[in-house]
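Here's start_5.cif, which has mmCIF, C-alpha atoms and all ligand atoms:
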```
data_target
#
loop_
_atom_site.label_atom_id
_atom_site.label_comp_id
_atom_site.auth_asym_id
_atom_site.auth_seq_id
_atom_site.Cartn_x
_atom_site.Cartn_y
_atom_site.Cartn_z
CA MET A 1 63.90 8.35 -17.59
CA PRO A 2 61.72 9.38 -20.55
CA ARG A 3 61.74 12.99 -21.51
CA PHE A 4 59.26 14.66 -23.83
CA HIS A 5 60.13 17.90 -25.50
CA GLY A 6 57.19 20.03 -26.47
CA LEU A 7 57.05 22.49 -29.29
CA LEU A 8 58.93 25.70 -28.86
CA PHE A 9 56.80 28.76 -29.07
CA ALA A 10 57.81 32.31 -29.79
CA ALA A 11 55.65 33.52 -26.95
CA THR A 12 58.68 34.95 -25.16
CA LEU A 13 58.43 37.83 -27.62
CA PHE A 14 55.14 38.85 -26.03
CA CYS A 15 56.55 39.57 -22.59
CA ALA A 16 55.81 43.24 -22.75
CA ILE A 17 53.92 43.45 -19.44
CA PRO A 18 54.80 46.71 -17.70
CA LEU A 19 56.31 46.35 -14.24
CA GLY A 20 53.74 46.41 -11.48
CA ALA A 21 50.75 46.08 -13.80
CA GLN A 22 48.22 43.35 -12.98
CA PRO A 23 47.59 41.40 -16.17
CA PRO A 24 44.07 40.14 -16.80
CA ALA A 25 43.26 36.84 -15.10
CA SER A 26 41.30 33.92 -16.47
CA SER A 27 37.64 34.63 -17.17
CA PRO A 28 34.73 32.33 -16.26
CA THR A 29 33.97 31.97 -20.00
CA GLU A 30 37.48 30.69 -20.69
CA ILE A 31 37.16 28.18 -17.84
CA ASP A 32 33.71 27.07 -19.04
CA ALA A 33 35.34 26.19 -22.37
CA LEU A 34 37.92 23.98 -20.66
CA TYR A 35 35.40 22.24 -18.41
CA PRO A 36 33.95 19.37 -20.49
CA ASP A 37 37.40 17.90 -21.14
CA LEU A 38 38.39 18.31 -17.47
CA GLU A 39 35.21 16.60 -16.27
CA ALA A 40 35.92 13.64 -18.57
CA LEU A 41 39.49 13.45 -17.26
CA TYR A 42 38.24 13.64 -13.66
CA ARG A 43 35.77 10.77 -14.19
CA ASP A 44 38.47 8.65 -15.80
CA LEU A 45 40.88 9.31 -12.92
CA HIS A 46 38.15 8.69 -10.34
CA ARG A 47 37.22 5.36 -11.88
CA ASN A 48 40.86 4.23 -12.07
CA PRO A 49 42.61 5.21 -8.82
CA GLU A 50 46.08 3.97 -7.85
CA LEU A 51 47.75 3.68 -4.45
CA ALA A 52 50.84 5.60 -3.29
CA PHE A 53 53.96 5.02 -5.42
CA GLN A 54 51.88 2.87 -7.82
CA GLU A 55 50.52 5.79 -9.88
CA ILE A 56 51.85 4.51 -13.21
CA GLN A 57 48.67 4.68 -15.31
CA THR A 58 47.70 7.97 -13.69
CA ALA A 59 51.04 9.59 -14.58
CA ALA A 60 50.81 8.09 -18.09
CA LYS A 61 47.48 9.88 -18.61
CA LEU A 62 48.84 13.28 -17.55
CA ALA A 63 52.34 13.48 -19.02
CA PRO A 64 51.42 13.31 -22.75
CA ARG A 65 48.77 16.01 -22.29
CA LEU A 66 51.43 18.37 -20.94
CA ALA A 67 53.87 17.49 -23.72
CA SER A 68 51.23 18.25 -26.35
CA LEU A 69 50.66 21.66 -24.72
CA GLY A 70 54.34 22.53 -25.23
CA TYR A 71 55.71 21.71 -21.77
CA GLU A 72 59.11 20.05 -21.31
CA VAL A 73 58.02 16.96 -19.43
CA THR A 74 60.14 14.67 -17.27
CA THR A 75 58.54 11.56 -15.81
CA GLY A 76 59.72 9.12 -13.15
CA VAL A 77 60.87 11.82 -10.73
CA GLY A 78 60.87 10.40 -7.20
CA GLY A 79 59.15 7.23 -8.45
CA THR A 80 56.12 8.13 -10.55
CA GLY A 81 56.33 11.93 -10.24
CA ILE A 82 56.10 14.36 -13.17
CA VAL A 83 57.84 17.71 -13.65
CA ALA A 84 56.58 19.85 -16.54
CA LEU A 85 58.25 23.17 -17.39
CA LEU A 86 56.89 25.96 -19.56
CA LYS A 87 59.53 28.63 -20.10
CA ASN A 88 58.11 31.97 -21.12
CA GLY A 89 60.99 34.44 -21.06
CA ALA A 90 62.79 36.09 -18.17
CA GLY A 91 60.94 36.24 -14.87
CA PRO A 92 60.26 34.29 -11.71
CA THR A 93 59.58 30.56 -11.46
CA ALA A 94 56.31 29.43 -9.89
CA MET A 95 55.55 25.82 -9.02
CA LEU A 96 52.06 24.31 -8.87
CA ARG A 97 51.77 20.90 -7.26
CA THR A 98 49.13 18.19 -7.56
CA GLU A 99 49.08 14.75 -5.94
CA LEU A 100 48.68 11.53 -7.93
CA ASP A 101 47.69 8.92 -5.35
CA ALA A 102 44.45 7.48 -3.97
CA LEU A 103 43.53 5.68 -0.72
CA PRO A 104 42.77 2.09 0.35
CA VAL A 105 39.04 2.85 0.80
CA ALA A 106 35.98 1.02 -0.57
CA GLU A 107 33.89 3.67 -2.34
CA LYS A 108 30.31 4.22 -1.16
CA THR A 109 29.39 7.39 -3.06
CA GLY A 110 26.97 5.68 -5.44
CA ALA A 111 28.39 7.82 -8.28
CA PRO A 112 27.98 6.36 -11.78
CA PHE A 113 31.75 6.64 -12.19
CA ALA A 114 32.53 5.12 -8.76
CA SER A 115 35.71 3.09 -8.39
CA ARG A 116 35.63 -0.66 -8.07
CA ALA A 117 39.41 -0.90 -8.25
CA THR A 118 41.56 -3.05 -5.99
CA ALA A 119 45.33 -3.20 -5.64
CA LYS A 120 48.01 -4.81 -3.53
CA ASN A 121 49.19 -2.51 -0.75
CA ALA A 122 52.79 -2.23 0.46
CA ALA A 123 52.21 -5.24 2.76
CA GLY A 124 51.02 -7.37 -0.18
CA LEU A 125 47.34 -7.41 0.86
CA THR A 126 44.62 -6.80 -1.73
CA VAL A 127 42.70 -3.65 -0.76
CA PRO A 128 40.00 -1.50 -2.36
CA VAL A 129 41.20 1.78 -3.90
CA MET A 130 39.36 5.09 -4.13
CA HIS A 131 40.14 8.73 -4.76
CA ALA A 132 38.67 9.55 -1.35
CA CYS A 133 40.80 12.68 -0.86
CA GLY A 134 39.99 14.47 -4.12
CA HIS A 135 43.41 14.14 -5.72
CA ASP A 136 41.56 13.29 -8.97
CA LEU A 137 39.96 16.74 -8.81
CA HIS A 138 43.34 18.32 -8.10
CA MET A 139 44.84 16.60 -11.16
CA ALA A 140 41.98 17.70 -13.41
CA ALA A 141 42.34 21.30 -12.19
CA TRP A 142 46.12 21.12 -12.67
CA ILE A 143 45.64 20.01 -16.29
CA GLY A 144 43.08 22.80 -16.85
CA THR A 145 45.52 25.33 -15.43
CA ALA A 146 48.32 23.87 -17.59
CA LYS A 147 46.20 24.38 -20.70
CA TRP A 148 45.05 27.87 -19.80
CA MET A 149 48.60 28.99 -18.99
CA ALA A 150 49.91 27.51 -22.27
CA ASP A 151 47.12 29.19 -24.25
CA HIS A 152 47.61 32.61 -22.62
CA ARG A 153 51.37 33.10 -22.59
CA GLN A 154 50.99 36.78 -23.39
CA ARG A 155 49.48 37.28 -19.90
CA TRP A 156 52.52 36.13 -17.92
CA ARG A 157 56.27 35.64 -18.07
CA GLY A 158 58.90 33.53 -16.35
CA THR A 159 58.80 29.78 -15.85
CA LEU A 160 55.82 27.68 -14.87
CA MET A 161 56.79 24.46 -13.13
CA LEU A 162 54.01 21.90 -12.80
CA VAL A 163 54.73 19.09 -10.37
CA ALA A 164 52.64 15.92 -9.96
CA GLN A 165 53.69 14.20 -6.77
CA PRO A 166 53.31 10.55 -5.83
CA ALA A 167 52.45 9.20 -2.40
CA GLU A 168 50.98 12.15 -0.53
CA GLU A 169 48.70 9.87 1.49
CA THR A 170 51.46 7.76 2.99
CA GLY A 171 53.86 10.70 3.29
CA GLY A 172 57.18 10.37 1.55
CA GLY A 173 56.18 11.45 -1.97
CA ALA A 174 57.35 15.06 -1.71
CA THR A 175 60.58 13.91 -0.04
CA ALA A 176 61.13 11.32 -2.79
CA MET A 177 60.90 14.04 -5.45
CA LEU A 178 63.16 16.41 -3.50
CA ASN A 179 65.69 13.60 -2.98
CA ASP A 180 65.54 12.91 -6.72
CA GLY A 181 66.76 16.44 -7.44
CA LEU A 182 63.48 18.35 -7.81
CA PHE A 183 65.19 21.64 -6.94
CA GLN A 184 68.55 20.79 -8.53
CA ARG A 185 67.72 19.10 -11.85
CA PHE A 186 64.90 21.63 -12.39
CA PRO A 187 64.73 25.32 -11.43
CA LYS A 188 64.29 25.99 -7.72
CA PRO A 189 61.02 27.94 -7.73
CA ASP A 190 60.48 31.38 -6.22
CA PHE A 191 57.00 30.31 -5.10
CA THR A 192 55.13 27.06 -4.61
CA LEU A 193 51.37 26.78 -4.77
CA GLY A 194 49.09 23.87 -3.88
CA LEU A 195 45.32 23.49 -3.62
CA HIS A 196 43.26 20.90 -1.74
CA ASP A 197 39.53 20.21 -1.65
CA ASP A 198 37.73 20.88 1.62
CA ASP A 199 34.64 19.66 3.48
CA THR A 200 34.04 22.82 5.52
CA LEU A 201 33.56 25.40 2.74
CA PRO A 202 30.80 25.69 0.14
CA ALA A 203 31.73 24.42 -3.34
CA GLY A 204 33.65 27.04 -5.28
CA THR A 205 34.86 29.01 -2.26
CA ILE A 206 38.60 29.42 -1.74
CA GLY A 207 40.00 29.24 1.81
CA PHE A 208 43.37 30.67 2.82
CA HIS A 209 45.26 30.68 6.10
CA PRO A 210 48.61 32.42 6.66
CA GLY A 211 51.13 30.69 8.95
CA PHE A 212 50.79 27.13 10.27
CA PHE A 213 47.87 25.58 8.37
CA ARG A 214 48.11 21.76 8.48
CA ALA A 215 49.51 19.86 11.46
CA ALA A 216 52.61 17.73 11.90
CA ALA A 217 51.67 14.08 12.43
CA ILE A 218 53.48 11.08 13.86
CA SER A 219 52.21 7.58 14.56
CA PRO A 220 53.61 6.07 17.78
CA THR A 221 52.81 2.50 18.75
CA ILE A 222 52.91 1.30 22.36
CA THR A 223 53.27 -2.41 23.16
CA VAL A 224 52.26 -3.12 26.75
CA TYR A 225 53.61 -6.30 28.34
CA GLY A 226 51.98 -8.35 31.06
CA ARG A 227 51.99 -12.01 32.08
CA GLY A 228 49.16 -13.98 30.55
CA GLY A 229 47.17 -16.87 31.98
CA HIS A 230 43.70 -18.31 32.59
CA GLY A 231 40.92 -15.75 32.74
CA ALA A 232 39.61 -17.49 35.86
CA MET A 233 42.85 -16.87 37.78
CA PRO A 234 43.66 -13.18 37.33
CA HIS A 235 45.66 -13.18 40.59
CA ASN A 236 48.28 -15.35 38.87
CA THR A 237 48.67 -12.93 35.96
CA ILE A 238 49.58 -9.32 35.20
CA ASP A 239 46.81 -8.24 32.89
CA PRO A 240 48.05 -6.02 30.00
CA VAL A 241 44.45 -5.29 28.95
CA VAL A 242 43.89 -3.40 32.20
CA ILE A 243 47.25 -1.62 31.89
CA ALA A 244 46.40 -0.63 28.32
CA ALA A 245 42.97 0.62 29.38
CA ARG A 246 44.57 2.81 32.06
CA ILE A 247 47.10 4.12 29.53
CA VAL A 248 44.29 5.08 27.12
CA LEU A 249 42.62 7.16 29.81
CA SER A 250 45.78 8.62 31.34
CA LEU A 251 47.01 9.75 27.91
CA GLN A 252 43.94 12.01 27.70
CA THR A 253 45.51 14.22 30.36
CA ILE A 254 48.39 15.15 28.02
CA VAL A 255 46.05 17.44 26.09
CA SER A 256 43.63 18.35 28.90
CA ARG A 257 46.14 18.94 31.77
CA GLU A 258 49.69 19.24 30.41
CA THR A 259 49.31 21.28 27.22
CA ASN A 260 48.81 25.03 27.07
CA PRO A 261 45.24 25.44 25.78
CA MET A 262 46.60 27.86 23.18
CA ASP A 263 48.72 25.08 21.59
CA PRO A 264 46.64 22.73 19.41
CA VAL A 265 47.46 19.06 20.06
CA VAL A 266 45.69 15.81 19.20
CA VAL A 267 46.41 12.45 20.85
CA THR A 268 44.19 9.79 19.27
CA ILE A 269 44.42 6.06 20.05
CA GLY A 270 42.88 4.65 16.90
CA SER A 271 43.70 0.98 17.39
CA ILE A 272 44.00 -1.33 20.39
CA HIS A 273 44.62 -5.05 20.01
CA GLY A 274 45.30 -7.83 22.48
CA GLY A 275 44.15 -11.32 23.27
CA THR A 276 42.22 -14.00 21.43
CA GLN A 277 39.18 -14.82 23.55
CA GLY A 278 37.40 -13.82 26.74
CA ASN A 279 38.74 -16.46 29.12
CA ILE A 280 42.45 -15.95 28.35
CA ILE A 281 44.53 -13.10 29.72
CA PRO A 282 47.07 -12.23 26.99
CA ASP A 283 50.77 -11.47 27.35
CA GLU A 284 50.66 -8.18 25.52
CA VAL A 285 48.44 -5.44 24.05
CA LYS A 286 49.37 -3.10 21.23
CA LEU A 287 48.12 0.48 20.92
CA GLU A 288 48.43 2.57 17.73
CA LEU A 289 48.30 6.34 18.03
CA SER A 290 48.18 9.49 15.97
CA VAL A 291 49.86 12.51 17.58
CA ARG A 292 49.39 15.90 15.92
CA SER A 293 50.65 19.38 16.68
CA PHE A 294 52.10 22.40 14.93
CA ASN A 295 55.05 23.31 17.08
CA GLU A 296 58.20 21.17 17.25
CA ASP A 297 58.77 21.85 20.99
CA VAL A 298 55.18 20.91 21.79
CA ARG A 299 55.58 17.66 19.85
CA LYS A 300 58.71 16.75 21.82
CA ARG A 301 56.96 17.46 25.11
CA VAL A 302 53.90 15.41 24.14
CA LEU A 303 56.10 12.45 23.22
CA GLY A 304 57.94 12.75 26.52
CA SER A 305 54.62 12.72 28.40
CA LEU A 306 53.40 9.74 26.43
CA GLU A 307 56.49 7.73 27.30
CA ARG A 308 56.37 8.73 30.96
CA ILE A 309 52.67 7.84 31.35
CA ALA A 310 52.99 4.48 29.56
CA ARG A 311 55.98 3.48 31.70
CA ALA A 312 54.38 4.66 34.92
CA GLU A 313 51.15 2.75 34.32
CA ALA A 314 53.13 -0.41 33.53
CA MET A 315 55.21 0.06 36.67
CA ALA A 316 52.09 0.67 38.80
CA ALA A 317 50.73 -2.71 37.63
CA GLY A 318 54.00 -4.53 38.25
CA ALA A 319 54.51 -5.31 34.56
CA PRO A 320 57.44 -7.62 33.82
CA ARG A 321 58.83 -5.26 31.16
CA GLU A 322 58.62 -1.60 30.27
CA PRO A 323 56.29 -0.83 27.34
CA LEU A 324 57.97 -0.66 23.93
CA ILE A 325 57.38 2.63 22.10
CA GLN A 326 58.01 2.64 18.35
CA PHE A 327 57.01 4.83 15.41
CA ALA A 328 55.05 3.57 12.41
CA GLY A 329 54.99 5.16 8.96
CA ILE A 330 56.65 8.36 7.84
CA PRO A 331 56.35 11.43 10.07
CA VAL A 332 54.84 14.46 8.33
CA ASN A 333 55.87 18.02 9.15
CA ALA A 334 53.47 20.93 9.59
CA VAL A 335 52.49 22.96 6.52
CA TYR A 336 53.54 26.58 6.96
CA ASN A 337 51.92 29.08 4.61
CA ASP A 338 54.30 31.98 3.98
CA ALA A 339 52.40 35.01 5.30
CA ALA A 340 53.47 37.51 2.62
CA LEU A 341 52.80 35.07 -0.22
CA THR A 342 49.44 34.03 1.25
CA GLY A 343 48.39 37.68 1.59
CA ARG A 344 49.46 38.46 -1.97
CA VAL A 345 47.66 35.47 -3.47
CA ALA A 346 44.52 35.99 -1.37
CA ALA A 347 44.31 39.65 -2.47
CA ALA A 348 44.73 38.67 -6.12
CA LEU A 349 42.01 36.01 -5.82
CA GLN A 350 39.64 38.36 -3.99
CA ALA A 351 40.08 40.98 -6.73
CA VAL A 352 38.94 38.47 -9.35
CA MET A 353 36.59 36.11 -7.48
CA GLY A 354 35.21 38.51 -4.87
CA GLN A 355 35.63 38.69 -1.08
CA GLN A 356 32.67 36.37 -0.48
CA ARG A 357 34.31 33.52 -2.39
CA VAL A 358 37.86 33.95 -1.03
CA VAL A 359 37.82 33.70 2.75
CA GLU A 360 40.26 33.21 5.60
CA MET A 361 39.72 29.78 7.17
CA PRO A 362 40.94 28.11 10.38
CA ALA A 363 43.99 25.83 10.47
CA LYS A 364 43.38 22.08 10.45
CA MET A 365 44.87 19.15 12.38
CA THR A 366 45.03 17.04 9.22
CA SER A 367 48.48 16.81 7.64
CA GLU A 368 50.02 17.16 4.18
CA ASP A 369 53.54 16.59 2.94
CA PHE A 370 53.26 19.82 0.92
CA SER A 371 55.15 20.99 4.03
CA GLU A 372 58.39 19.69 2.51
CA TYR A 373 58.57 22.27 -0.31
CA GLY A 374 58.45 25.10 2.21
CA ARG A 375 61.02 23.35 4.39
CA ALA A 376 63.28 23.13 1.33
CA GLY A 377 63.38 26.93 1.37
CA VAL A 378 60.65 27.95 -1.09
CA PRO A 379 57.91 30.38 0.07
CA SER A 380 54.78 28.23 -0.20
CA VAL A 381 51.05 28.48 0.12
CA LEU A 382 48.49 25.69 0.27
CA LEU A 383 44.97 26.92 -0.47
CA HIS A 384 41.78 24.98 0.07
CA VAL A 385 38.78 24.89 -2.25
CA GLY A 386 35.35 24.22 -0.79
CA ALA A 387 33.80 21.13 -2.40
CA VAL A 388 30.44 20.71 -0.63
CA ASP A 389 26.96 21.53 -1.92
CA PRO A 390 26.05 24.71 0.04
CA ALA A 391 22.61 23.29 0.91
CA LYS A 392 24.21 20.18 2.49
CA LEU A 393 26.67 22.34 4.40
CA ALA A 394 23.84 24.52 5.73
CA GLU A 395 21.95 21.37 6.76
CA ALA A 396 25.05 20.03 8.55
CA ARG A 397 25.43 23.30 10.46
CA ARG A 398 21.78 23.11 11.47
CA THR A 399 21.85 19.47 12.63
CA GLY A 400 25.41 19.37 13.97
CA ILE A 401 26.05 16.21 11.92
CA ALA A 402 29.13 16.77 9.78
CA VAL A 403 29.08 16.06 6.04
CA PRO A 404 31.46 13.32 4.80
CA ALA A 405 35.03 14.61 4.67
CA PRO A 406 38.11 13.61 2.69
CA HIS A 407 39.14 9.98 3.46
CA SER A 408 35.49 9.02 3.92
CA PRO A 409 34.10 6.36 1.51
CA GLU A 410 31.36 8.89 0.81
CA TRP A 411 33.60 11.87 -0.04
CA LEU A 412 32.54 13.19 -3.42
CA PRO A 413 33.13 16.86 -4.29
CA GLN A 414 30.34 18.79 -5.97
CA LEU A 415 32.33 18.72 -9.14
CA GLU A 416 31.52 21.59 -11.47
CA PRO A 417 31.72 24.60 -9.14
CA THR A 418 34.68 23.10 -7.27
CA LEU A 419 36.74 22.23 -10.34
CA LYS A 420 36.01 25.55 -12.05
CA ALA A 421 36.96 27.51 -8.92
CA ALA A 422 40.15 25.49 -8.58
CA VAL A 423 41.23 26.35 -12.13
CA GLN A 424 40.28 29.98 -11.69
CA ALA A 425 42.19 30.23 -8.40
CA GLU A 426 45.29 28.49 -9.77
CA THR A 427 45.45 30.52 -12.98
CA THR A 428 44.72 33.79 -11.17
CA ALA A 429 47.40 33.12 -8.55
CA LEU A 430 49.97 32.10 -11.17
CA VAL A 431 49.28 35.10 -13.39
CA ASN A 432 49.73 37.31 -10.34
CA LEU A 433 53.01 35.64 -9.33
CA LEU A 434 54.36 35.48 -12.88
CA GLY A 435 52.82 38.68 -14.21
CA ALA A 436 54.85 41.27 -12.40
CA LYS A 437 58.34 41.12 -10.95
ZN ZN B 501 44.35 12.53 2.05
ZN ZN B 502 44.73 14.89 0.05
#
```

What do you get writing this file as structure tokens?
Ligand SMILES: [Zn+2]
Ligand SMILES: [Zn+2]
Amino acid sequence: MPRFHGLLFAATLFCAIPLGAQPPASSPTEIDALYPDLEALYRDLHRNPELAFQEIQTAAKLAPRLASLGYEVTTGVGGTGIVALLKNGAGPTAMLRTELDALPVAEKTGAPFASRATAKNAAGLTVPVMHACGHDLHMAAWIGTAKWMADHRQRWRGTLMLVAQPAEETGGGATAMLNDGLFQRFPKPDFTLGLHDDDTLPAGTIGFHPGFFRAAAISPTITVYGRGGHGAMPHNTIDPVVIAARIVLSLQTIVSRETNPMDPVVVTIGSIHGGTQGNIIPDEVKLELSVRSFNEDVRKRVLGSLERIARAEAMAAGAPREPLIQFAGIPVNAVYNDAALTGRVAAALQAVMGQQRVVEMPAKMTSEDFSEYGRAGVPSVLLHVGAVDPAKLAEARRTGIAVPAPHSPEWLPQLEPTLKAAVQAETTALVNLLGAK
């Protein structure tokens, strides 16, 4: 496991910040000076995306930059993950996390730096690759914050822990780093901070949400069994297409009839496959689902309902076997933003960036494995940064047609205001958390 040791600085001598005082935060002029280099890095990362757990070139671009800034850098944590520490005297430890990975999406942004990359996915299939979730922007902001924090050590004290995590998109990256000793081999932080780009806020606006913010997600599959035969003789068969169709509709009542309207739940059937051609009744049909919720008890109840409805529909049709219910992929837990930490960070950001640009936002049913750092016992907050041209957002509100969102082949943040706001928010939050005990 390679380890880079940066230069030692005597900055610890400058830790004369009086208790309780709010040290000055990053200024727009300082961030403007960082920007050209960060934009170049962003374009390079965007053009060269890598899939989950394959982020070798991506990590190799980031690690040496941190080492040259004086961070102690460890690579290969949890696969391709990076941990970079900057020790700046006695004080708390704050962690800032970025993601490294991209998605199997064919880019349609038309950007001059658009990706044309392909890669083999975990199943061995060649797929297109794109930074369709903005993790390239998160990495560029993370590097900007790393530089600003290294250049302004007199404005904070304690330990800054920068973490670049593999495989957020598939789930499993945060867990891989934690299982590789993230909080044992390195200091267990007092706070963890993350920031994600967002399609619902104007570029440069920061969104915060105390409490449950991003949903837990699991991916059940249901295989429905029938008895196939000739399409002309349905009376000699038990048609799993009809059973599956009934299941699709009956499952809608889990949310509409069985769930308390105050508990957010999503049951989406995103894939349904069965049969080969119109005149053959198949033996089986497979459904793939996404089930999302915040509350563990609600999730258990939804899964119980799903199983009951699938079995009952199969029984009603006289199916020869009960449906098989399995789970695909890695389940992701809900992100919980520590209320006190969220309030503290939001107030610090509002003081610097203004109340108009730092706003409370609704929770989302999308998921994020940032949840795992909080579950490991560290107060955590995931902020969002608006990434959409305000004029396009206003147009979308007027027409009711949503702008492209993360995971869309057309997702492209409005770079300059978004990236600058991300660096300003990260540095301001870190100086607040590391400035006063
Ligand atoms: Zn994503
Ligand atoms: Zn993402």

List as a list in words the protein and nucleic acid residues near A:Gln277, meaning an atom at most 12 Å away when all atoms listed in the file are counted, but skip any in the same chain fewer than 4 places from it. Gly229, His230, Gly231, His273, Ile281 and Pro282 of chain A

Every residue with an atom at most 12 Å from (40.3, 31.8, -18.6) (file coordinates; all atoms listed in the file) is what I'm after, so could you write them as a PyMOL selection string? chain A and resi 24-35+144-153+155+352+420-428+431

Let me see if you get this right: every residue at most 10 Å from ligand ZN 502 (chain B), counting only C-alpha atoms and all ligand atoms, written as a ChimeraX atom specification. /A:98-103,131-136,138,167-169,195-198,366-370,406-407

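Atom CA of A:Ile82 to atom CA of A:Met161 spans 10.1 Å [interatomic distance, one decimal].
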
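Distance check against A:Ala376 using all atoms listed in the file: of A:Thr253, A:Thr237, A:Thr276, A:Thr192, the minimum falls on A:Thr192.
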
Quick one: residues within 10 Å of A:Asp180, all atoms listed in the file, excluding same-chain residues fewer than 3 positions away - as a VMD selection string? chain A and resid 76 to 79 81 174 to 177 183 to 185

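Proximity to stretch 225-228 of chain A at 9 Å, evaluated using only C-alpha atoms and with sequence-adjacent residues fewer than 3 positions away removed, yields A:Gly231, A:Pro234, A:Asn236, A:Thr237, A:Ile238, A:Asp239, A:Pro240, A:Val241, A:Ile243, A:Ile280, A:Ile281, A:Pro282, A:Asp283, A:Glu284, A:Val285, A:Lys286, A:Ala314, A:Ala317, A:Gly318, A:Ala319, A:Pro320, A:Arg321, A:Glu322, A:Pro323, A:Leu324.
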
Written selection (C-alpha atoms) as a compact mmCIF listing (two decimals), in the frame of the given file:
```txt
# COMPACT_ATOMS: atom_id res chain seq x y z
CA GLY A 231 40.92 -15.75 32.74
CA PRO A 234 43.66 -13.18 37.33
CA ASN A 236 48.28 -15.35 38.87
CA THR A 237 48.67 -12.93 35.96
CA ILE A 238 49.58 -9.32 35.20
CA ASP A 239 46.81 -8.24 32.89
CA PRO A 240 48.05 -6.02 30.00
CA VAL A 241 44.45 -5.29 28.95
CA ILE A 243 47.25 -1.62 31.89
CA ILE A 280 42.45 -15.95 28.35
CA ILE A 281 44.53 -13.10 29.72
CA PRO A 282 47.07 -12.23 26.99
CA ASP A 283 50.77 -11.47 27.35
CA GLU A 284 50.66 -8.18 25.52
CA VAL A 285 48.44 -5.44 24.05
CA LYS A 286 49.37 -3.10 21.23
CA ALA A 314 53.13 -0.41 33.53
CA ALA A 317 50.73 -2.71 37.63
CA GLY A 318 54.00 -4.53 38.25
CA ALA A 319 54.51 -5.31 34.56
CA PRO A 320 57.44 -7.62 33.82
CA ARG A 321 58.83 -5.26 31.16
CA GLU A 322 58.62 -1.60 30.27
CA PRO A 323 56.29 -0.83 27.34
CA LEU A 324 57.97 -0.66 23.93
```

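Interatomic distance, atom CA of A:Pro390 against atom CA of A:Ala203: 6.6 Å.
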